[in-house]
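Student: Before we start, here is the structure in question, set down as structure tokens.
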Amino acid sequence: YSSTKCNHSGYIIASGQCRPARYVGAFPRTRGVRVTIDEPVRQKRTRGPSKATPARRAQLVEAALESFAEHGFERASLRDIASRAGVTHAAVLRHFGSKEELLLAALERRDEETNTVIAELRAREATRQEYLERIHGAEFDNPDEQRNWLALRIAATNPDHPAHDYFERSYNRTRSYGRDNVVEGEPAFGLTAGDKATLMMMLMDGARIQSIESGSHDAFRLVDIVLGLVEGPPDD
């Protein structure tokens, strides 16, 4: 072999001819002669975030909401969520590292949808009963979702539960919103606006259980009547 280089990257001089370096092993070596090979330099491609990532994450969150509503958080599986979204189990893990992470994303998505409804209701000065029906109506129409939602809320009272902090923030936010926007009037029966907002939330939790047991959809009207009794005279 000659140590002379060809003018083409990846080629060498062999037997007086310029040959691809990959054929070096096919020719007998000459003792004492060192062959120099120029290897082509390959640039490693760096991939940025896929344009489809936000849409795919949203699709997975929707699938998770459906799975959690049907099976509950504990029994829902990432494979079921993947199947609903039409992707592989590995694809789910690329976007969300765990079921717990997916749960929090699903809860945040639920909040976004609720906030959109609330903004619409505020814009047209809806009644309290309209608030209750629009925000909770779909849930009360689905006993399995109600049952799983209650189970999740109860489980999340454990400080170690992945959704504990979320529900604590949600409770305080809902109580504050109910105090400022849903309940009205001066204090009655010694109840402040904050007390009445808390009472509204207690009534809704009880209404969920009664609705599951009886199948009645009359809960919103009854909650509205009770709040009306403790509302007191309207603010001037």
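Residue numbering restarts at 1 for every chain of the structure tokens, chains are lettered A, B, ... in their displayed order, and ligands are numbered from 1 as they appear.
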Write out as JSON, numbers by chain which residues come within 9 Å of Ala163 in chain A when counting only C-alpha atoms, dropping same-chain ones fewer than 6 positions away.

Tutor: {"A": [100, 103, 104, 107, 152, 153, 155, 156, 157]}

Student: So which bits of range 53-206 of chain A end up alpha helix (DSSP H) when you DSSP the backbone, as number ranges by chain?

Tutor: A: 53-71, 78-85, 89-95, 99-123, 128-140, 143-155, 164-177, 193-206

Student: Please provide the set of residues having any atom within 12 Å of Glu108 in chain A, restricted to only C-alpha atoms, with same-chain residues fewer than 4 positions apart removed, written as a compact mmCIF listing (two decimals) with C-alpha atoms, in the first residue's frame.

Tutor:
```txt
# COMPACT_ATOMS: atom_id res chain seq x y z
CA ALA A 58 -53.32 17.71 24.69
CA VAL A 61 -54.53 14.62 28.52
CA GLU A 62 -57.98 14.19 26.96
CA ALA A 64 -56.36 10.50 30.51
CA LEU A 65 -59.46 12.45 31.56
CA GLU A 101 -47.68 13.59 36.19
CA LEU A 102 -50.45 12.87 33.71
CA LEU A 103 -53.05 13.13 36.48
CA LEU A 104 -51.92 16.63 37.41
CA GLU A 112 -59.05 25.44 32.23
CA GLU A 113 -62.34 24.17 30.84
CA THR A 114 -64.19 25.23 34.02
CA ASN A 115 -62.64 28.69 33.92
CA ALA A 163 -52.95 15.48 43.86
CA TYR A 166 -53.77 20.55 43.73
CA PHE A 167 -57.01 19.89 45.64
CA ARG A 169 -55.39 25.01 46.04
CA SER A 170 -58.60 24.16 44.22
```

Student: Name the closest residue to Gln59 in chain A among the candidates A:Ala85, A:Ala123, A:Val226, A:Leu78; distances are taken between atoms, counting only C-alpha atoms.

Tutor: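 Closest residue, counting only C-alpha atoms: A:Ala85.
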
Student: Return the single residue from A:Leu191, A:Gln210, A:Ala119, A:Gly72 that is closest to Leu229 in chain A, with distances computed using only C-alpha atoms.

Tutor: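 The shortest atom-to-atom distance to Leu229 in chain A comes from A:Leu191.
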
Student: What gap, in Å, lies between CA of His71 in chain A and CA of Val87 in chain A?

Tutor: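 CA of Val87 in chain A lies at a distance of 19.3 Å from CA of His71 in chain A.
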
Student: I need the residue nearest Ala106 in chain A from this list: A:Glu120, A:Glu74, A:Glu130, A:Glu66. Use only C-alpha atoms for the distance.

Tutor: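 Smallest distance to Ala106 in chain A is found for A:Glu66.
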
Student: Which residue is closest to His161 in chain A? Choose from A:Ala63, A:Arg124, A:Phe73, A:Thr88 and count only C-alpha atoms.

Tutor: A:Phe73

Student: Which neighbours of Gln146 in chain A fall inside 10 Å, counting only C-alpha atoms, when residues of the same chain fewer than 3 positions from it are skipped, and could you give them as a list in words?

Tutor: Ala69, Glu70, Gly72, His136, Ala138, Glu139, Phe140, Asp141, Asn142, Pro143, Trp149, Leu150, Ala151, Leu152, Asp205, Arg208, Ile209, Ser211 and Ile212 of chain A

Student: Output the selection as a PDB file, in the first residue's frame - C-alpha atoms for each residue.

Tutor:
```pdb
ATOM      1  CA  ALA A  69     -63.433   9.254  34.737  1.00  0.00           C
ATOM      2  CA  GLU A  70     -64.249   5.675  33.694  1.00  0.00           C
ATOM      3  CA  GLY A  72     -60.620   6.042  38.543  1.00  0.00           C
ATOM      4  CA  HIS A 136     -71.309  20.363  37.381  1.00  0.00           C
ATOM      5  CA  ALA A 138     -71.912  16.811  32.877  1.00  0.00           C
ATOM      6  CA  GLU A 139     -70.443  15.236  35.999  1.00  0.00           C
ATOM      7  CA  PHE A 140     -73.871  14.640  37.557  1.00  0.00           C
ATOM      8  CA  ASP A 141     -75.032  12.993  34.343  1.00  0.00           C
ATOM      9  CA  ASN A 142     -72.289  10.365  34.705  1.00  0.00           C
ATOM     10  CA  PRO A 143     -72.480   8.344  37.958  1.00  0.00           C
ATOM     11  CA  TRP A 149     -64.116  11.952  41.296  1.00  0.00           C
ATOM     12  CA  LEU A 150     -65.231  11.534  44.911  1.00  0.00           C
ATOM     13  CA  ALA A 151     -62.781   8.649  45.398  1.00  0.00           C
ATOM     14  CA  LEU A 152     -59.958  10.788  44.027  1.00  0.00           C
ATOM     15  CA  ASP A 205     -70.352  17.051  47.971  1.00  0.00           C
ATOM     16  CA  ARG A 208     -72.950  14.047  44.577  1.00  0.00           C
ATOM     17  CA  ILE A 209     -73.534  11.127  46.904  1.00  0.00           C
ATOM     18  CA  SER A 211     -77.303  11.718  43.066  1.00  0.00           C
ATOM     19  CA  ILE A 212     -75.313   8.482  42.798  1.00  0.00           C
TER      20      ILE A 212
END
```

Student: Grab the CA of Ala82 in chain A to CA of Leu60 in chain A distance for me, in Å with one decimal place.

Tutor: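 One can read the CA of Ala82 in chain A to CA of Leu60 in chain A distance as 7.3 Å.
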